[in-house]
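Source file: query35.cif. Holds: mmCIF, C-alpha atoms.
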```cif
data_work
#
loop_
_atom_site.group_PDB
_atom_site.id
_atom_site.type_symbol
_atom_site.label_atom_id
_atom_site.label_comp_id
_atom_site.auth_asym_id
_atom_site.auth_seq_id
_atom_site.Cartn_x
_atom_site.Cartn_y
_atom_site.Cartn_z
ATOM 1 C CA MET A 1421 -12.074 -18.604 17.254
ATOM 2 C CA ARG A 1422 -14.574 -19.625 14.631
ATOM 3 C CA THR A 1423 -17.465 -17.540 13.391
ATOM 4 C CA ARG A 1424 -20.902 -18.249 11.991
ATOM 5 C CA LEU A 1425 -21.279 -14.697 10.734
ATOM 6 C CA LYS A 1426 -21.592 -15.727 7.079
ATOM 7 C CA GLU A 1427 -24.250 -18.267 7.963
ATOM 8 C CA PHE A 1428 -26.313 -15.729 9.942
ATOM 9 C CA ARG A 1429 -25.854 -13.122 7.217
ATOM 10 C CA ALA A 1430 -27.144 -15.544 4.567
ATOM 11 C CA ARG A 1431 -30.038 -16.533 6.817
ATOM 12 C CA HIS A 1432 -31.073 -12.878 7.100
ATOM 13 C CA GLY A 1433 -30.629 -12.328 3.345
ATOM 14 C CA LEU A 1434 -27.969 -9.682 3.776
ATOM 15 C CA ASN A 1435 -24.898 -9.121 1.653
ATOM 16 C CA GLN A 1436 -21.621 -7.962 3.195
ATOM 17 C CA THR A 1437 -22.193 -4.336 2.203
ATOM 18 C CA GLU A 1438 -25.656 -4.243 3.795
ATOM 19 C CA LEU A 1439 -24.430 -5.892 6.979
ATOM 20 C CA ALA A 1440 -21.503 -3.459 7.082
ATOM 21 C CA LYS A 1441 -23.864 -0.480 6.799
ATOM 22 C CA ARG A 1442 -26.066 -1.816 9.597
ATOM 23 C CA ALA A 1443 -23.087 -2.502 11.852
ATOM 24 C CA ARG A 1444 -21.519 0.881 10.950
ATOM 25 C CA ILE A 1445 -18.298 -0.715 9.757
ATOM 26 C CA SER A 1446 -16.684 -1.269 6.355
ATOM 27 C CA ARG A 1447 -17.400 -4.201 4.038
ATOM 28 C CA GLN A 1448 -13.697 -5.015 4.235
ATOM 29 C CA THR A 1449 -14.032 -5.569 7.998
ATOM 30 C CA VAL A 1450 -17.049 -7.849 7.560
ATOM 31 C CA SER A 1451 -15.085 -9.837 4.992
ATOM 32 C CA LEU A 1452 -12.047 -10.101 7.309
ATOM 33 C CA ILE A 1453 -14.199 -11.322 10.198
ATOM 34 C CA GLU A 1454 -15.988 -13.871 8.014
ATOM 35 C CA ARG A 1455 -12.667 -15.218 6.765
ATOM 36 C CA GLU A 1456 -11.585 -15.501 10.437
ATOM 37 C CA GLU A 1457 -8.600 -13.265 9.764
ATOM 38 C CA TYR A 1458 -9.615 -10.749 12.358
ATOM 39 C CA ILE A 1459 -11.302 -11.010 15.776
ATOM 40 C CA PRO A 1460 -13.647 -8.027 16.173
ATOM 41 C CA SER A 1461 -13.932 -5.854 19.244
ATOM 42 C CA LEU A 1462 -16.678 -6.478 21.771
ATOM 43 C CA LEU A 1463 -18.547 -3.444 20.424
ATOM 44 C CA ILE A 1464 -18.765 -4.823 16.884
ATOM 45 C CA ALA A 1465 -19.580 -8.320 18.150
ATOM 46 C CA LYS A 1466 -22.419 -6.786 20.203
ATOM 47 C CA ARG A 1467 -23.711 -4.926 17.123
ATOM 48 C CA PHE A 1468 -23.816 -8.199 15.153
ATOM 49 C CA ALA A 1469 -25.606 -9.866 18.048
ATOM 50 C CA LYS A 1470 -28.207 -7.086 18.028
ATOM 51 C CA ILE A 1471 -28.676 -7.212 14.224
ATOM 52 C CA PHE A 1472 -29.196 -10.985 14.206
ATOM 53 C CA ASP A 1473 -30.946 -11.059 17.577
ATOM 54 C CA GLU A 1474 -28.616 -13.817 18.723
ATOM 55 C CA PRO A 1475 -26.197 -14.028 21.654
ATOM 56 C CA ILE A 1476 -22.546 -13.275 20.819
ATOM 57 C CA GLU A 1477 -21.600 -16.876 21.710
ATOM 58 C CA GLU A 1478 -23.814 -18.137 18.878
ATOM 59 C CA ILE A 1479 -22.046 -15.964 16.304
ATOM 60 C CA PHE A 1480 -18.488 -16.338 17.597
ATOM 61 C CA ILE A 1481 -17.376 -19.729 18.871
ATOM 62 C CA PHE A 1482 -14.267 -19.953 21.013
ATOM 63 C CA ASP A 1483 -12.285 -23.119 21.601
ATOM 64 C CA GLU A 1484 -11.926 -24.110 25.247
ATOM 65 C CA GLU A 1485 -8.115 -23.595 25.135
ATOM 66 C CA GLU A 1486 -8.568 -19.993 24.004
ATOM 67 C CA LEU A 1487 -10.546 -19.047 27.112
ATOM 68 C CA MET B 799 13.215 -24.976 3.495
ATOM 69 C CA LYS B 800 11.689 -21.498 3.185
ATOM 70 C CA THR B 801 14.599 -19.978 5.144
ATOM 71 C CA THR B 802 17.167 -21.781 2.970
ATOM 72 C CA LEU B 803 15.477 -20.490 -0.184
ATOM 73 C CA LYS B 804 15.394 -16.975 1.253
ATOM 74 C CA LEU B 805 19.101 -17.173 2.154
ATOM 75 C CA LEU B 806 19.925 -18.409 -1.361
ATOM 76 C CA LEU B 807 17.899 -15.588 -2.878
ATOM 77 C CA TYR B 808 19.618 -12.964 -0.722
ATOM 78 C CA ALA B 809 23.043 -14.456 -1.521
ATOM 79 C CA THR B 810 22.266 -14.360 -5.265
ATOM 80 C CA LEU B 811 21.003 -10.780 -5.062
ATOM 81 C CA GLY B 812 24.071 -9.815 -3.029
ATOM 82 C CA PHE B 813 26.359 -11.418 -5.594
ATOM 83 C CA ILE B 814 24.613 -9.654 -8.502
ATOM 84 C CA ALA B 815 24.705 -6.304 -6.680
ATOM 85 C CA ALA B 816 28.405 -6.695 -5.819
ATOM 86 C CA TYR B 817 29.214 -7.811 -9.386
ATOM 87 C CA LEU B 818 27.363 -4.820 -10.859
ATOM 88 C CA VAL B 819 29.048 -2.438 -8.422
ATOM 89 C CA MET B 820 32.529 -3.751 -9.190
ATOM 90 C CA ASN B 821 32.076 -4.111 -12.967
ATOM 91 C CA HIS B 822 29.702 -1.275 -13.771
ATOM 92 C CA ASP B 823 32.062 0.351 -16.282
ATOM 93 C CA VAL B 824 32.496 -2.885 -18.249
ATOM 94 C CA LEU B 825 28.777 -3.649 -18.189
ATOM 95 C CA PHE B 826 27.607 -0.203 -19.231
ATOM 96 C CA MET B 827 30.702 0.500 -21.371
ATOM 97 C CA GLY B 828 30.785 3.929 -19.775
ATOM 98 C CA ASN B 829 27.518 4.774 -21.502
ATOM 99 C CA TYR B 830 24.637 5.392 -19.110
ATOM 100 C CA GLU B 831 22.413 7.352 -21.485
ATOM 101 C CA TRP B 832 20.032 4.447 -22.032
ATOM 102 C CA VAL B 833 19.216 4.238 -18.297
ATOM 103 C CA PRO B 834 17.284 7.559 -17.989
ATOM 104 C CA LYS B 835 15.743 6.914 -21.417
ATOM 105 C CA VAL B 836 14.359 3.570 -20.261
ATOM 106 C CA LEU B 837 13.233 5.193 -17.010
ATOM 107 C CA LEU B 838 11.444 7.961 -18.912
ATOM 108 C CA VAL B 839 9.655 5.472 -21.177
ATOM 109 C CA LEU B 840 8.539 3.515 -18.107
ATOM 110 C CA ALA B 841 7.489 6.753 -16.349
ATOM 111 C CA ILE B 842 5.453 7.898 -19.381
ATOM 112 C CA LEU B 843 3.800 4.476 -19.739
ATOM 113 C CA SER B 844 2.920 4.256 -16.055
ATOM 114 C CA THR B 845 1.603 7.852 -16.074
ATOM 115 C CA ILE B 846 -0.633 7.095 -19.068
ATOM 116 C CA ILE B 847 -1.918 3.974 -17.285
ATOM 117 C CA ALA B 848 -2.460 6.039 -14.103
ATOM 118 C CA ILE B 849 -4.436 8.724 -15.989
ATOM 119 C CA TYR B 850 -6.545 6.062 -17.725
ATOM 120 C CA LYS B 851 -7.195 4.236 -14.443
ATOM 121 C CA PHE B 852 -8.032 7.517 -12.694
ATOM 122 C CA PHE B 853 -10.784 8.478 -15.159
ATOM 123 C CA HIS B 854 -11.966 4.874 -15.468
ATOM 124 C CA LEU B 855 -12.459 4.593 -11.704
ATOM 125 C CA ARG B 856 -13.871 8.116 -11.347
ATOM 126 C CA ASN B 857 -16.576 7.307 -13.882
ATOM 127 C CA ARG B 858 -17.433 4.068 -12.119
ATOM 128 C CA ALA B 859 -17.012 5.206 -8.517
ATOM 129 C CA ALA B 860 -20.704 5.923 -8.007
ATOM 130 C CA VAL B 861 -21.946 2.926 -10.043
ATOM 131 C CA GLU B 862 -23.692 0.199 -8.058
ATOM 132 C CA GLY B 863 -23.729 -3.284 -9.568
ATOM 133 C CA VAL B 864 -26.237 -6.074 -9.118
ATOM 134 C CA ASP B 865 -23.740 -7.874 -6.912
ATOM 135 C CA GLU B 866 -23.070 -5.087 -4.434
ATOM 136 C CA ASP B 867 -20.225 -6.895 -2.648
ATOM 137 C CA ALA B 868 -18.381 -7.780 -5.859
ATOM 138 C CA MET B 869 -18.735 -4.202 -7.123
ATOM 139 C CA GLU B 870 -17.493 -2.777 -3.834
ATOM 140 C CA GLN B 871 -14.514 -5.143 -3.852
ATOM 141 C CA TYR B 872 -13.810 -4.301 -7.519
ATOM 142 C CA LYS B 873 -13.776 -0.557 -6.831
ATOM 143 C CA TYR B 874 -11.608 -0.970 -3.743
ATOM 144 C CA ARG B 875 -9.028 -3.048 -5.660
ATOM 145 C CA LYS B 876 -9.040 -0.604 -8.577
ATOM 146 C CA PHE B 877 -8.450 2.245 -6.145
ATOM 147 C CA VAL B 878 -5.473 0.478 -4.548
ATOM 148 C CA ASP B 879 -4.074 -0.313 -8.038
ATOM 149 C CA LEU B 880 -4.444 3.351 -8.995
ATOM 150 C CA THR B 881 -2.674 4.508 -5.827
ATOM 151 C CA LEU B 882 0.195 2.109 -6.537
ATOM 152 C CA ILE B 883 0.631 3.064 -10.190
ATOM 153 C CA THR B 884 0.564 6.816 -9.445
ATOM 154 C CA GLN B 885 3.262 6.403 -6.821
ATOM 155 C CA ILE B 886 5.378 4.270 -9.160
ATOM 156 C CA SER B 887 5.045 6.766 -12.021
ATOM 157 C CA THR B 888 5.978 9.695 -9.755
ATOM 158 C CA VAL B 889 9.116 7.913 -8.506
ATOM 159 C CA LEU B 890 10.123 6.885 -12.049
ATOM 160 C CA GLY B 891 9.548 10.447 -13.266
ATOM 161 C CA VAL B 892 11.770 11.929 -10.558
ATOM 162 C CA LEU B 893 14.423 9.299 -11.211
ATOM 163 C CA ALA B 894 14.413 9.933 -14.975
ATOM 164 C CA LEU B 895 14.586 13.693 -14.392
ATOM 165 C CA GLY B 896 17.337 13.411 -11.790
ATOM 166 C CA MET B 897 19.486 11.008 -13.795
ATOM 167 C CA GLY B 898 18.902 12.993 -16.981
ATOM 168 C CA ALA B 899 20.111 16.159 -15.277
ATOM 169 C CA VAL B 900 23.173 14.423 -13.777
ATOM 170 C CA ILE B 901 24.416 12.983 -17.074
ATOM 171 C CA GLU B 902 23.451 16.133 -18.978
ATOM 172 C CA MET B 903 20.782 14.767 -21.274
ATOM 173 C CA PRO B 904 19.329 17.127 -23.931
ATOM 174 C CA VAL B 905 16.781 19.785 -22.950
ATOM 175 C CA TRP B 906 13.871 17.956 -24.673
ATOM 176 C CA PHE B 907 14.554 14.945 -22.471
ATOM 177 C CA LEU B 908 14.551 17.021 -19.284
ATOM 178 C CA LEU B 909 11.348 18.825 -20.318
ATOM 179 C CA ALA B 910 9.645 15.506 -21.118
ATOM 180 C CA ALA B 911 10.766 14.042 -17.773
ATOM 181 C CA MET B 912 9.580 17.187 -15.946
ATOM 182 C CA ALA B 913 6.171 17.079 -17.711
ATOM 183 C CA THR B 914 5.795 13.367 -16.890
ATOM 184 C CA PHE B 915 6.676 13.953 -13.258
ATOM 185 C CA ILE B 916 4.210 16.878 -12.962
ATOM 186 C CA ALA B 917 1.417 14.865 -14.643
ATOM 187 C CA SER B 918 1.941 11.837 -12.405
ATOM 188 C CA PHE B 919 2.196 14.046 -9.316
ATOM 189 C CA ILE B 920 -1.112 15.768 -10.163
ATOM 190 C CA VAL B 921 -2.822 12.377 -10.604
ATOM 191 C CA GLN B 922 -1.325 11.268 -7.278
ATOM 192 C CA LEU B 923 -2.727 14.395 -5.584
ATOM 193 C CA LEU B 924 -6.170 13.926 -7.140
ATOM 194 C CA THR B 925 -6.474 10.172 -6.477
ATOM 195 C CA PRO B 926 -7.742 10.416 -2.861
ATOM 196 C CA SER B 927 -10.647 12.607 -4.065
ATOM 197 C CA ILE B 928 -12.180 9.504 -5.702
ATOM 198 C CA THR B 929 -12.837 7.988 -2.271
ATOM 199 C CA LYS B 930 -15.503 10.668 -1.722
ATOM 200 C CA LEU B 931 -17.339 9.371 -4.800
ATOM 201 C CA MET B 932 -16.825 5.740 -3.818
ATOM 202 C CA TYR B 933 -18.028 6.192 -0.240
ATOM 203 C CA PRO B 934 -20.444 9.156 -0.227
ATOM 204 C CA GLU B 935 -21.986 7.944 3.041
ATOM 205 C CA ARG B 936 -18.658 8.287 4.857
ATOM 206 C CA ASN B 937 -17.681 11.740 6.055
ATOM 207 C CA LEU B 938 -14.216 11.596 4.503
ATOM 208 C CA PRO B 939 -11.881 14.583 4.935
ATOM 209 C CA ASP B 940 -11.001 16.914 2.069
ATOM 210 C CA VAL B 941 -7.771 16.093 0.226
ATOM 211 C CA SER B 942 -6.673 19.684 0.794
ATOM 212 C CA ASP B 943 -7.132 19.263 4.561
ATOM 213 C CA LYS B 944 -3.842 19.825 6.400
ATOM 214 C CA HIS B 945 -4.525 16.823 8.645
ATOM 215 C CA TYR B 946 -5.913 14.611 5.849
ATOM 216 C CA ALA B 947 -3.895 11.481 6.769
ATOM 217 C CA ASP B 948 -4.675 11.764 10.511
ATOM 218 C CA LYS B 949 -8.386 12.313 9.884
ATOM 219 C CA LEU B 950 -8.536 9.425 7.415
ATOM 220 C CA LEU B 951 -6.920 7.112 9.958
ATOM 221 C CA ALA B 952 -9.356 8.284 12.650
ATOM 222 C CA LEU B 953 -12.306 7.564 10.335
ATOM 223 C CA SER B 954 -11.133 4.060 9.477
ATOM 224 C CA ASP B 955 -12.743 1.244 11.408
ATOM 225 C CA GLU B 956 -10.846 -1.406 13.347
ATOM 226 C CA GLY B 957 -10.747 -3.913 10.470
ATOM 227 C CA GLU B 958 -9.335 -1.329 8.084
ATOM 228 C CA ARG B 959 -6.744 -0.339 10.685
ATOM 229 C CA HIS B 960 -5.843 -4.002 11.140
ATOM 230 C CA VAL B 961 -5.207 -4.293 7.383
ATOM 231 C CA MET B 962 -3.199 -1.044 7.378
ATOM 232 C CA LEU B 963 -1.160 -2.149 10.402
ATOM 233 C CA ASN B 964 -0.212 -5.445 8.733
ATOM 234 C CA GLY B 965 0.748 -3.677 5.513
ATOM 235 C CA LEU B 966 2.654 -0.902 7.247
ATOM 236 C CA TYR B 967 4.551 -3.290 9.497
ATOM 237 C CA LYS B 968 5.651 -5.386 6.510
ATOM 238 C CA ALA B 969 6.655 -2.189 4.689
ATOM 239 C CA TYR B 970 8.566 -0.955 7.762
ATOM 240 C CA VAL B 971 10.500 -4.218 8.133
ATOM 241 C CA SER B 972 11.394 -4.449 4.435
ATOM 242 C CA THR B 973 12.267 -0.721 4.224
ATOM 243 C CA SER B 974 14.627 -1.008 7.204
ATOM 244 C CA SER B 975 16.372 -4.062 5.702
ATOM 245 C CA LEU B 976 16.583 -2.529 2.216
ATOM 246 C CA LEU B 977 17.949 0.761 3.541
ATOM 247 C CA PHE B 978 20.614 -1.137 5.455
ATOM 248 C CA ILE B 979 21.537 -3.125 2.315
ATOM 249 C CA SER B 980 21.649 0.160 0.334
ATOM 250 C CA LEU B 981 24.008 1.618 2.905
ATOM 251 C CA VAL B 982 26.340 -1.373 2.552
ATOM 252 C CA ILE B 983 26.172 -1.256 -1.273
ATOM 253 C CA LEU B 984 26.949 2.483 -1.272
ATOM 254 C CA ALA B 985 29.924 1.900 1.049
ATOM 255 C CA VAL B 986 31.252 -0.974 -1.116
ATOM 256 C CA TYR B 987 30.711 1.084 -4.273
ATOM 257 C CA SER B 988 32.556 4.076 -2.769
ATOM 258 C CA VAL B 989 35.527 1.926 -1.696
ATOM 259 C CA PHE B 990 35.903 -0.024 -4.952
ATOM 260 C CA THR B 991 35.289 2.771 -7.444
ATOM 261 C CA GLY B 992 36.756 5.716 -5.560
ATOM 262 C CA ASN B 993 33.516 7.551 -6.345
ATOM 263 C CA ALA B 994 32.543 8.552 -2.794
ATOM 264 C CA GLN B 995 28.820 8.418 -2.108
ATOM 265 C CA ILE B 996 29.078 10.245 1.226
ATOM 266 C CA LEU B 997 25.887 12.334 0.848
ATOM 267 C CA GLY B 998 23.878 9.292 -0.237
ATOM 268 C CA MET B 999 25.249 7.262 2.662
ATOM 269 C CA PHE B 1000 24.413 10.027 5.144
ATOM 270 C CA LEU B 1001 20.886 10.374 3.752
ATOM 271 C CA VAL B 1002 20.214 6.635 3.810
ATOM 272 C CA ALA B 1003 21.638 6.351 7.344
ATOM 273 C CA ALA B 1004 19.591 9.357 8.529
ATOM 274 C CA ILE B 1005 16.347 7.963 7.053
ATOM 275 C CA LEU B 1006 17.071 4.559 8.585
ATOM 276 C CA LEU B 1007 17.818 6.036 12.027
ATOM 277 C CA ILE B 1008 14.811 8.395 11.992
ATOM 278 C CA SER B 1009 12.498 5.569 10.912
ATOM 279 C CA ILE B 1010 13.818 3.182 13.591
ATOM 280 C CA ALA B 1011 13.670 5.901 16.263
ATOM 281 C CA GLN B 1012 10.139 6.979 15.292
ATOM 282 C CA TYR B 1013 8.856 3.417 15.469
ATOM 283 C CA GLY B 1014 10.781 2.585 18.654
ATOM 284 C CA LEU B 1015 9.676 5.729 20.503
ATOM 285 C CA SER B 1016 6.051 5.415 19.417
ATOM 286 C CA ILE B 1017 5.761 1.881 20.836
ATOM 287 C CA ARG B 1018 7.976 2.593 23.867
ATOM 288 C CA ASN B 1019 5.858 5.500 25.107
ATOM 289 C CA LYS B 1020 2.593 3.560 25.135
#
```

For this file, produce the structure as structure tokens.
Amino acid sequence: MRTRLKEFRARHGLNQTELAKRARISRQTVSLIEREEYIPSLLIAKRFAKIFDEPIEEIFIFDEEEL
Amino acid sequence: MKTTLKLLLYATLGFIAAYLVMNHDVLFMGNYEWVPKVLLVLAILSTIIAIYKFFHLRNRAAVEGVDEDAMEQYKYRKFVDLTLITQISTVLGVLALGMGAVIEMPVWFLLAAMATFIASFIVQLLTPSITKLMYPERNLPDVSDKHYADKLLALSDEGERHVMLNGLYKAYVSTSSLLFISLVILAVYSVFTGNAQILGMFLVAAILLISIAQYGLSIRNK
């Protein structure tokens, strides 16, 4: 899985700490997700989608073999 | 290649351990007094560093930098460093005190080791309180809370738990291996020196078995 979280965060002018506060998670978790070291739960993915007003599939991109 | 290097490293460590066990009298010339002294110096140094780091972080815990992310990461790393150094100083303090008592070091030495241990232990107890200053927005439990560890785990989010799980699993695997190696070294030492380490062997074996059983049962019953 790849993620465009960093790109969307930059586009919205948010730093990791601000995004973390909005998504009610820690900055460490945002950093892990951005570095693609951790796949978030559906709940967190949905929160990101709501913050950026984008569908989950735009933020998290799965390879065909993964699905 | 990595496996070969690992095997070579283990073989070298095994050889050094066996050599030390079998020739300890020649190497130390029957004089062990320097060992607790070195341990005490290391314990005092690490305690001083821990106290410095504690106050340094406590004074900066509420500070917010221009680069919020960098500041947050800085504080988090400093906190982990502090936790590590306090644990190291406490272990070194206990070791210096224990060894000093066993080989009947002078009273001043034992008092110094005891004071170092108490100081490092107090810093270790106070360290978690800094998290309340670092993360005032999080409803973190009180350090004095009986269920502090459980509540802290429950408050952690999934990413933090993921990090903890990785760290704990690595620690569990290395602890199990190291305890097993310790058991073998104690057995070899007992056989070759005639100085039976029965209590140590029982303790190491009990810790190893309890740890394996706790892990096994907790994953089996899910």

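CA of Gly891 (chain B) to CA of Lys949 (chain B) spans 29.3 Å [interatomic distance, one decimal].
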
Can you build me a table of chain B residues sitting at most 10 Å from chain A, with the closest atom pair per residue and its distance in Å to one decimal, using all atoms listed in the file, sorted by chain and residue number, as a tab-separated table?
```
residue	atom	partner	partner_atom	distance
B:Asp865	CA	A:Asn1435	CA	8.7
B:Glu866	CA	A:Thr1437	CA	6.7
B:Asp867	CA	A:Thr1437	CA	5.8
B:Ala868	CA	A:Thr1437	CA	9.6
B:Met869	CA	A:Thr1437	CA	9.9
B:Glu870	CA	A:Thr1437	CA	7.8
B:Gln871	CA	A:Gln1448	CA	8.1
B:Tyr874	CA	A:Gln1448	CA	9.2
B:Glu935	CA	A:Lys1441	CA	9.4
B:Arg936	CA	A:Ser1446	CA	9.9
B:Ser954	CA	A:Ser1446	CA	8.3
B:Asp955	CA	A:Ile1445	CA	6.1
B:Glu956	CA	A:Thr1449	CA	7.5
B:Gly957	CA	A:Thr1449	CA	4.4
B:Glu958	CA	A:Thr1449	CA	6.3
B:Arg959	CA	A:Thr1449	CA	9.4
B:His960	CA	A:Tyr1458	CA	7.8
B:Val961	CA	A:Thr1449	CA	8.9
```

Can you write just those residues out, C-alpha atoms, as a PDB file, keeping the file's coordinate frame?
```pdb
ATOM      1  CA  ASP B 865     -23.740  -7.874  -6.912  1.00  0.00           C
ATOM      2  CA  GLU B 866     -23.070  -5.087  -4.434  1.00  0.00           C
ATOM      3  CA  ASP B 867     -20.225  -6.895  -2.648  1.00  0.00           C
ATOM      4  CA  ALA B 868     -18.381  -7.780  -5.859  1.00  0.00           C
ATOM      5  CA  MET B 869     -18.735  -4.202  -7.123  1.00  0.00           C
ATOM      6  CA  GLU B 870     -17.493  -2.777  -3.834  1.00  0.00           C
ATOM      7  CA  GLN B 871     -14.514  -5.143  -3.852  1.00  0.00           C
ATOM      8  CA  TYR B 874     -11.608  -0.970  -3.743  1.00  0.00           C
ATOM      9  CA  GLU B 935     -21.986   7.944   3.041  1.00  0.00           C
ATOM     10  CA  ARG B 936     -18.658   8.287   4.857  1.00  0.00           C
ATOM     11  CA  SER B 954     -11.133   4.060   9.477  1.00  0.00           C
ATOM     12  CA  ASP B 955     -12.743   1.244  11.408  1.00  0.00           C
ATOM     13  CA  GLU B 956     -10.846  -1.406  13.347  1.00  0.00           C
ATOM     14  CA  GLY B 957     -10.747  -3.913  10.470  1.00  0.00           C
ATOM     15  CA  GLU B 958      -9.335  -1.329   8.084  1.00  0.00           C
ATOM     16  CA  ARG B 959      -6.744  -0.339  10.685  1.00  0.00           C
ATOM     17  CA  HIS B 960      -5.843  -4.002  11.140  1.00  0.00           C
ATOM     18  CA  VAL B 961      -5.207  -4.293   7.383  1.00  0.00           C
TER      19      VAL B 961
END
```

- request: Please provide as an MDAnalysis selection string all residues within 8 Å of region 829-832 of chain B, with the sequence filter that same-chain residues fewer than 3 positions apart are discarded (counting only C-alpha atoms).
  value: chainID B and resid 826 835:836 901 903

field: Between CA of Leu997 (chain B) and CA of Thr914 (chain B) - distance in Å to one decimal
entry: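 So the two atoms, CA of Thr914 (chain B) and CA of Leu997 (chain B), lie 26.8 Å apart.
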
Polymer residues at most 10 Å from Thr1423 (chain A), only C-alpha atoms, same-chain spacing of 6 or more positions, as a ChimeraX atom specification: /A:1453-1456,1459,1476-1482

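Around region 841-857 of chain B, within 8 Å and counting all atoms listed in the file, the residues found are B:Lys873, B:Lys876, B:Phe877, B:Leu880, B:Ile883, B:Thr884, B:Ile886, B:Ser887, B:Thr888, B:Leu890, B:Gly891, B:Ala894, B:Thr914, B:Phe915, B:Ala917, B:Ser918, B:Val921, B:Thr925, B:Ile928, B:Leu931, once anything fewer than 5 positions away on its own chain is removed.
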
message: Please compute the CA of Ala859 (chain B)-CA of Pro934 (chain B) distance, one decimal, in Å.
response: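 Answer for the CA of Ala859 (chain B) to CA of Pro934 (chain B) separation: 9.8 Å.
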
message: Can you pull out the residues contacting Ile1471 (chain A)? Cut-off 9 Å, using all atoms listed in the file, and skip same-chain residues under 6 positions away; I want them as number ranges by chain.
response: A: 1439, 1442-1443

message: Quick one: residues within 10 Å of region 1472-1474 of chain A, only C-alpha atoms, excluding same-chain residues fewer than 3 positions away - as a PyMOL selection string?
response: chain A and resi 1425+1428-1429+1431-1432+1466-1469+1477-1479

Output of the PyMOL selection byres ((chain B and resi 909) around 12), listed as a compact mmCIF listing (two decimals) with C-alpha atoms, in the coordinates of the input:
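As written to disk, result_4.txt reads:
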```
# COMPACT_ATOMS: atom_id res chain seq x y z
CA LEU B 838 11.44 7.96 -18.91
CA GLY B 891 9.55 10.45 -13.27
CA VAL B 892 11.77 11.93 -10.56
CA ALA B 894 14.41 9.93 -14.98
CA LEU B 895 14.59 13.69 -14.39
CA GLY B 896 17.34 13.41 -11.79
CA GLY B 898 18.90 12.99 -16.98
CA ALA B 899 20.11 16.16 -15.28
CA MET B 903 20.78 14.77 -21.27
CA PRO B 904 19.33 17.13 -23.93
CA VAL B 905 16.78 19.78 -22.95
CA TRP B 906 13.87 17.96 -24.67
CA PHE B 907 14.55 14.94 -22.47
CA LEU B 908 14.55 17.02 -19.28
CA ALA B 910 9.64 15.51 -21.12
CA ALA B 911 10.77 14.04 -17.77
CA MET B 912 9.58 17.19 -15.95
CA ALA B 913 6.17 17.08 -17.71
CA THR B 914 5.80 13.37 -16.89
CA PHE B 915 6.68 13.95 -13.26
CA ILE B 916 4.21 16.88 -12.96
```
